[in-house]
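Asks: Can you keep this structure in mind? I'll have questions shortly.
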Amino acid sequence: MSETEFRQPTLSRRHILLGTAAVGLMALPRWAAATPAEAEAVVAKLAGSAKPAASRIALQLPQIAENGNSVQFSVSVDSPMTETDYVKSIHIIADQNPYPEVATFYLSPANGKAEVTMRMRLAKTQNVRAIALMSDGSVHQAQQEVKVTIGGCGG
Amino acid sequence: MADVKARVKVPATATKGEIIEIKTAIAHAMESGQRKDKEGKAIPRKIINKFVCTLNGKELFRSDWYTAVSANPYLSFFVRATESGTYDFAWYDDDGSVYHASASIAVS
């Protein structure tokens, strides 16, 4: 491994203070959650005329997230990632967050392997989907419900 | 923001064609714009909205982020090692700032 220092984010005193302040604020605001219909519209726009297939894509999420502020997810798509057959993009959608879009990843054969890991906010218990757009035009979707004990601020 | 700390983890060496994992993290509040301060005023949105990884200037991976990305964003992904050089990682802030980190690799 290179010399560049790396570690997973750890809690510093500043973070703890910020976190405490955030929890205090969270009690106040109510945000308007997106509806599954809005999420459905986002998916429809992505997929276009293609019908999402429930294959070749795996979404890894916890069944229960104690803290909605940081929910780790991994998406992997079964693809050779060659010039003729690769994943163009992966989209993460949380059905009932204020904004359903979480993140989009643009891939190419240069990636060799279509897999990403990240952390997201979930405002409440909801369905999360991963959509993969392939180079041949096909669309693949995986989804899972995550039970959220404490919602993430601002989802 | 001079105190934005970014960290990346890239193997120092790889064989040509090997698929390597790259891990990145950056310290950033990712203020979603959904929260309110004590006076009830909305705290303005300020997030990193884009991440780009290049090797010797060529783009390998790009990602768009929305407000649901957690604070202190962590991201890992894969690339095929094709040539020696320097990976550059760039995080684009809503306020126009761009934060960079880099790591070199020797491919044999």
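By convention here, the chains of the structure tokens are called A, B, ... in the order presented, each chain's residues are numbered starting at 1, and ligands are numbered starting at 1 in the order presented.
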Give the residues of chain B that lie within 9 Å of chain A; count only C-alpha atoms, and format the answer as a ChimeraX atom specification.
Replies: /B:6-13,17-20,23-27,31-38,40,60-82,102-105
Asks: Could you write out the selected residues, including C-alpha atoms, as a JSON list (two decimals), in the first residue's frame?
Replies:
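The resulting file, result-v2.json, is reproduced below:
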[["chain", "number", "residue", "atom", "x", "y", "z"],
["B", 6, "ALA", "CA", -8.71, 13.84, 1.96],
["B", 7, "ARG", "CA", -7.26, 10.36, 2.21],
["B", 8, "VAL", "CA", -6.72, 7.80, -0.48],
["B", 9, "LYS", "CA", -5.45, 4.24, -0.42],
["B", 10, "VAL", "CA", -3.97, 2.82, -3.59],
["B", 11, "PRO", "CA", -1.59, -0.16, -3.91],
["B", 12, "ALA", "CA", 1.99, 1.07, -4.50],
["B", 13, "THR", "CA", 2.61, -1.61, -7.11],
["B", 17, "GLY", "CA", -4.02, -5.87, -16.04],
["B", 18, "GLU", "CA", -4.55, -6.46, -12.34],
["B", 19, "ILE", "CA", -7.80, -5.09, -10.92],
["B", 20, "ILE", "CA", -7.05, -2.98, -7.87],
["B", 23, "LYS", "CA", -10.41, 3.64, -1.26],
["B", 24, "THR", "CA", -11.07, 7.31, -0.69],
["B", 25, "ALA", "CA", -12.38, 9.45, 2.13],
["B", 26, "ILE", "CA", -12.68, 13.17, 2.68],
["B", 27, "ALA", "CA", -13.61, 15.19, 5.74],
["B", 31, "GLU", "CA", -24.61, 19.96, 4.75],
["B", 32, "SER", "CA", -27.83, 18.80, 3.11],
["B", 33, "GLY", "CA", -29.81, 22.03, 3.20],
["B", 34, "GLN", "CA", -32.59, 20.18, 5.03],
["B", 35, "ARG", "CA", -31.50, 21.12, 8.53],
["B", 36, "LYS", "CA", -32.46, 24.24, 10.45],
["B", 37, "ASP", "CA", -30.48, 26.23, 12.97],
["B", 38, "LYS", "CA", -31.70, 27.26, 16.42],
["B", 40, "GLY", "CA", -35.42, 27.97, 12.60],
["B", 60, "LEU", "CA", -11.20, 6.49, -15.11],
["B", 61, "PHE", "CA", -14.15, 6.98, -12.81],
["B", 62, "ARG", "CA", -16.65, 9.68, -12.00],
["B", 63, "SER", "CA", -19.49, 9.97, -9.54],
["B", 64, "ASP", "CA", -22.29, 12.46, -8.93],
["B", 65, "TRP", "CA", -23.33, 12.92, -5.33],
["B", 66, "TYR", "CA", -26.57, 14.23, -3.93],
["B", 67, "THR", "CA", -27.59, 15.39, -0.47],
["B", 68, "ALA", "CA", -28.10, 11.83, 0.79],
["B", 69, "VAL", "CA", -24.39, 11.08, 0.77],
["B", 70, "SER", "CA", -23.21, 10.80, 4.39],
["B", 71, "ALA", "CA", -20.91, 13.34, 6.00],
["B", 72, "ASN", "CA", -17.21, 12.60, 5.55],
["B", 73, "PRO", "CA", -17.87, 10.72, 2.32],
["B", 74, "TYR", "CA", -16.15, 7.37, 1.93],
["B", 75, "LEU", "CA", -16.02, 5.68, -1.45],
["B", 76, "SER", "CA", -14.27, 2.61, -2.74],
["B", 77, "PHE", "CA", -14.17, 1.40, -6.34],
["B", 78, "PHE", "CA", -12.00, -0.62, -8.69],
["B", 79, "VAL", "CA", -9.73, 0.14, -11.62],
["B", 80, "ARG", "CA", -7.65, -1.99, -13.96],
["B", 81, "ALA", "CA", -3.95, -1.24, -13.57],
["B", 82, "THR", "CA", -2.69, -0.41, -17.06],
["B", 102, "SER", "CA", -3.05, 11.95, -5.41],
["B", 103, "ALA", "CA", -1.26, 8.61, -5.23],
["B", 104, "SER", "CA", 1.31, 7.01, -7.49],
["B", 105, "ILE", "CA", 1.47, 3.45, -8.69]]
Asks: Could you name the residues that touch Val43 (chain A) at 12 Å or less, counting only C-alpha atoms, but leaving out those on the same chain fewer than 5 positions away, as JSON, numbers by chain?
Replies: {"A": [36, 37, 38, 48, 49, 50, 51, 52, 90, 91, 92, 93, 94, 95, 100, 101, 128, 129, 130, 131, 132, 133, 139, 140, 141, 142]}
Asks: Could you pull the residues within 10 Å of Ile64 (chain A), counting only C-alpha atoms, minus those fewer than 4 positions along the same chain, as a ChimeraX atom specification?
Replies: /A:68,71,125,145-149
Asks: Take the residues just selected and output them with C-alpha atoms as an mmCIF file, in the first residue's frame.
Replies:
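result_8.cif, freshly written:
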data_model
loop_
_atom_site.group_PDB
_atom_site.id
_atom_site.type_symbol
_atom_site.label_atom_id
_atom_site.label_comp_id
_atom_site.auth_asym_id
_atom_site.auth_seq_id
_atom_site.Cartn_x
_atom_site.Cartn_y
_atom_site.Cartn_z
ATOM 1 C CA GLY A 68 -29.757 6.726 9.336
ATOM 2 C CA VAL A 71 -25.733 3.481 6.126
ATOM 3 C CA THR A 125 -37.374 3.101 6.991
ATOM 4 C CA GLU A 145 -35.890 -2.400 2.421
ATOM 5 C CA VAL A 146 -33.814 -0.937 5.236
ATOM 6 C CA LYS A 147 -35.336 -0.433 8.669
ATOM 7 C CA VAL A 148 -34.005 2.823 10.071
ATOM 8 C CA THR A 149 -34.033 3.282 13.845
#
Asks: Can you pull out the residues contacting His100 (chain B)? Cut-off 10 Å, using only C-alpha atoms, and skip same-chain residues under 6 positions away; I want them as a list in words.
Replies: Val4, Lys5, Ala6, Arg7, Ile26, Phe51, Val52, Cys53, Asp88, Phe89, Ala90, Trp91 and Tyr92 of chain B
Asks: Which one is closest to Asp95 (chain B): B:Ile47, B:Met30, B:Ala42, B:Ile22? Count only C-alpha atoms.
Replies: B:Ile47
